[in-house]
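Student: Take a look at this one; I'll ask things after.
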Amino acid sequence: MELKDKKVLITGASGGIGLEAAKLMAAKNYAVTLVARSENKLNEAKAILHGNNHSVLAADLNNSKDLVRLSEHIKSERYDVLINNAGAGMYGEFINMPLQEQINGMHLNMDALVTLSYAFLQNAKKGDSLVNVASLLGHSSFPGAAVYAGTKSFVANFSESLWFEFKNKGIYVMGFNPGATKSDFHSNAGKETNSYPEFVLSTAYDVAQDLITGLERKSKPRVISGWKNRLMLFNFKFLSRAMAIKIMGQISPGMK
Ligand SMILES: NC(=O)c1ccc[n+]([C@@H]2O[C@H](COP(=O)([O-])OP(=O)(O)OC[C@H]3O[C@@H](n4cnc5c(N)ncnc54)[C@H](OP(=O)(O)O)[C@@H]3O)[C@@H](O)[C@H]2O)c1
């Protein structure tokens with residue numbers, strides 16, 4: 001696929017995986033629209049991208065007016081690629097965390113992603129691509145972040161179903177699944193990145209590289225980032241469900 005003079009909108013592009021994906025897409029001559037809540041961070045991010053045809057759009061995807069505004073923008077601007085990357089989690093035992101904050105996480109990770117996918121796919125044409133960022137946890141359980149893992153199972157399942165619905169139209173839908181990644185995600189969720197052993201952590205740059213590679217190949221419904229994460233999922237097939245959940249519970253920062 002020739003990646004030139006095309007337009008991509010990336011949510012959650014002010015930092016972490018989204019920002020690294022924005023840098024890589026800009027380097028491939030995409031005009032990038034960066035979306036997140038913090039306009040300052042978005043402008044700083046835009047300033048470091050290759051090229052000068054990029055734009056920012058400050059929006060809180062948990063705010064219904066912002067979500068409608070962004071959906072309308074996606075419909076009218078007609079992007080070639082949408083990367084639904086914005087997401088948040090919360091570490092802790094389900095019953096010990098405020099219900100409303102967990103429901104807000106469900107809204108951001110699922111409802112907003114579905115709404116933006118709908119806006120994008122309504123006008124999508126042959127050759128366009130939708131990437132939804134799920135998680136390795138979308139394919140396993142994760143005590144200590146039960147609601148978050150549930151939202152990511154939804155994103156993975158939803159995206160893989162869409163992959164089939166759209167493939168004969170020449171529109172590629174990818175469920176993209178990072179494992180534990182060094183970013184602000186963990187401190188925002190209430191724990192530090194170093195709650196995980198160093199060897200399981202990926203950099204946001206490496207994860208974004210895998211995302212772009214999957215996007216260029218346009219083949220798989222499900223892309224798991226990183227060989228260690230692929231190996232882990234493969235090995236889990238040979239364990240009982242109870243054993244797999246116990247292992248995840250033991251390594252979960254939310255259970256410590
Ligand atoms: N880090 C990991 O270990 C990991 C593993 C698997 C999957 N993931 C997934 O990968 C994606 C990116 O995560 P990351 O690690 O890059 O996290 P991050 O560094 O915390 O970045 C999250 C991005 O989402 C934006 N965001 C958060 N809440 C928002 C809201 N309500 N409205 C609009 N934008 C919002 C943030 O910007 P503002 O704060 O300015 O809004 C930021 O740009 C997420 O979907 C996450 O679930 C992460």
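Starting from 1 in every chain, residues are counted up; chains themselves are A, B, ... following the order of the structure tokens, and ligands are numbered from 1 as listed.
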Any chance you could tabulate, as a tab-separated table, the residues of chain A at most 7 Å from ligand 1 with each one's nearest atom pair and distance in Å to one decimal, using only C-alpha atoms and all ligand atoms, in chain and rising number order?

Tutor:
residue	atom	partner	partner_atom_place_in_ligand_line	distance
A:Thr11	CA	ligand 1	34 (N)	6.2
A:Gly12	CA	ligand 1	43 (O)	3.3
A:Ala13	CA	ligand 1	43 (O)	4.4
A:Ser14	CA	ligand 1	43 (O)	3.8
A:Gly15	CA	ligand 1	43 (O)	4.6
A:Gly16	CA	ligand 1	16 (O)	3.4
A:Ile17	CA	ligand 1	16 (O)	3.8
A:Gly18	CA	ligand 1	16 (O)	5.5
A:Val35	CA	ligand 1	34 (N)	6.5
A:Ala36	CA	ligand 1	34 (N)	3.7
A:Arg37	CA	ligand 1	41 (O)	3.5
A:Ser38	CA	ligand 1	40 (O)	3.8
A:Lys41	CA	ligand 1	40 (O)	6.6
A:Ala59	CA	ligand 1	33 (C)	5.6
A:Asp60	CA	ligand 1	32 (N)	3.6
A:Leu61	CA	ligand 1	32 (N)	3.9
A:Asn62	CA	ligand 1	31 (N)	4.9
A:Asn85	CA	ligand 1	45 (O)	4.7
A:Ala86	CA	ligand 1	24 (O)	3.8
A:Gly87	CA	ligand 1	45 (O)	3.4
A:Ala88	CA	ligand 1	47 (O)	5.1
A:Gly89	CA	ligand 1	47 (O)	6.5
A:Leu108	CA	ligand 1	31 (N)	6.0
A:Asn109	CA	ligand 1	45 (O)	6.7
A:Val133	CA	ligand 1	45 (O)	5.3
A:Ala134	CA	ligand 1	7 (C)	5.7
A:Ser135	CA	ligand 1	7 (C)	4.1
A:Leu136	CA	ligand 1	6 (C)	6.1
A:Asn177	CA	ligand 1	7 (C)	6.2
A:Pro178	CA	ligand 1	6 (C)	4.3
A:Gly179	CA	ligand 1	5 (C)	4.7
A:Ala180	CA	ligand 1	3 (O)	3.5
A:Thr181	CA	ligand 1	3 (O)	3.7
A:Lys182	CA	ligand 1	1 (N)	5.8
A:Ser183	CA	ligand 1	19 (O)	4.5
A:Asp184	CA	ligand 1	19 (O)	4.2
A:Phe185	CA	ligand 1	20 (O)	3.4
A:His186	CA	ligand 1	1 (N)	6.5
A:Asn188	CA	ligand 1	20 (O)	6.4
A:Ala204	CA	ligand 1	16 (O)	6.8

Student: Among stretch 3-198 of chain A, which ones does DSSP place in strand (DSSP E or B), written as a ChimeraX atom specification?

Tutor: /A:7-11,31-36,55-58,81-84,129-133,172-177,181-182

Student: Skipping near chain neighbours, those fewer than 3 positions away, what residues fall within 12 Å of A:Glu101 using only C-alpha atoms, listed as a compact mmCIF listing (two decimals) with C-alpha atoms, in the first residue's frame?

Tutor:
# COMPACT_ATOMS: atom_id res chain seq x y z
CA ASN A 62 -16.56 11.35 27.88
CA ALA A 88 -8.04 4.70 30.34
CA GLY A 89 -8.04 2.17 33.13
CA MET A 90 -8.13 1.99 36.89
CA TYR A 91 -6.16 -0.40 39.09
CA GLY A 92 -7.79 -1.89 42.17
CA PHE A 94 -13.75 -3.78 41.70
CA ILE A 95 -15.61 -3.21 44.94
CA ASN A 96 -12.99 -0.82 46.34
CA MET A 97 -13.16 1.70 43.48
CA PRO A 98 -15.87 4.30 42.86
CA ASN A 104 -16.74 6.58 32.97
CA GLY A 105 -13.94 4.23 31.87
CA MET A 106 -16.51 1.98 30.19
CA HIS A 107 -17.92 4.98 28.36
CA LEU A 108 -14.53 6.16 27.10
CA VAL A 147 -13.83 -3.49 34.39
CA TYR A 148 -10.91 -2.28 32.26
CA ALA A 189 -4.74 4.36 36.56

Student: Assign secondary structure with DSSP using the backbone only, and return the residues of stretch 37-150 of chain A in helix (DSSP H, G or I) as a PyMOL selection string.

Tutor: chain A and resi 39-47+64-77+94-96+99-122+136-139+146-150

Student: Need the shell around stretch 214-223 of chain A: protein/DNA/RNA residues with any atom at most 7 Å away, counting only C-alpha atoms. Skip same-chain ones fewer than 4 positions apart. Format as a count of residues only?

Tutor: 10

Student: Just give me the gap between atom CA of A:Ala156 and atom CA of A:Lys6 in Å, one decimal is fine.

Tutor: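 So the answer is 25.9 Å.
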
Student: Which of these, A:Thr115, A:Asn43, A:Ser252, A:Asn168, has the shortest distance to A:Asn84 once you count only C-alpha atoms?

Tutor: A:Thr115

Student: Need to verify the contact set: stretch 121-130 of chain A, 8 Å, only C-alpha atoms, exclusion of same-chain residues closer than 3 positions in sequence. Can you return it as a PDB file with C-alpha atoms, in the first residue's frame?

Tutor:
ATOM      1  CA  LYS A  75     -18.129  12.399   8.802  1.00  0.00           C
ATOM      2  CA  ARG A  78     -13.550  11.988   5.443  1.00  0.00           C
ATOM      3  CA  TYR A  79     -10.381  10.489   6.844  1.00  0.00           C
ATOM      4  CA  ASP A  80      -8.570   7.578   5.198  1.00  0.00           C
ATOM      5  CA  VAL A  81      -7.653   6.121   8.578  1.00  0.00           C
ATOM      6  CA  LEU A  82      -9.158   6.406  12.054  1.00  0.00           C
ATOM      7  CA  ILE A  83      -7.144   5.152  15.017  1.00  0.00           C
ATOM      8  CA  ASN A  84      -9.371   4.844  18.092  1.00  0.00           C
ATOM      9  CA  SER A 117     -16.248   3.878  14.523  1.00  0.00           C
ATOM     10  CA  TYR A 118     -19.835   4.389  13.345  1.00  0.00           C
ATOM     11  CA  LYS A 169     -15.865  -3.850   0.863  1.00  0.00           C
ATOM     12  CA  GLY A 170     -12.094  -3.356   0.824  1.00  0.00           C
ATOM     13  CA  ILE A 171     -12.174  -1.577   4.198  1.00  0.00           C
ATOM     14  CA  TYR A 172      -9.738  -2.888   6.776  1.00  0.00           C
ATOM     15  CA  VAL A 173     -10.706  -3.058  10.465  1.00  0.00           C
ATOM     16  CA  MET A 174      -7.972  -4.086  12.891  1.00  0.00           C
ATOM     17  CA  LEU A 215      -2.029  -1.255   9.272  1.00  0.00           C
TER      18      LEU A 215
END

Student: Given the choices A:Lys46, A:Gly190, A:Ala112, A:Gly226, which gets closest to A:Lys65 if the distance is worked out from only C-alpha atoms?

Tutor: A:Ala112

Student: So the first atom is atom CA of A:Asn52 and the second is atom CA of A:Ile10; what is the distance between them in Å, to one decimal place?

Tutor: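 Atom CA of A:Ile10 lies 16.4 Å from atom CA of A:Asn52.
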
Student: Out of A:Lys228, A:Ile247, A:Phe236, A:Pro253, which residue has the shortest atom-to-atom distance to A:Asn194 when counting only C-alpha atoms?

Tutor: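 Of all the options, A:Pro253 lies closest to A:Asn194.
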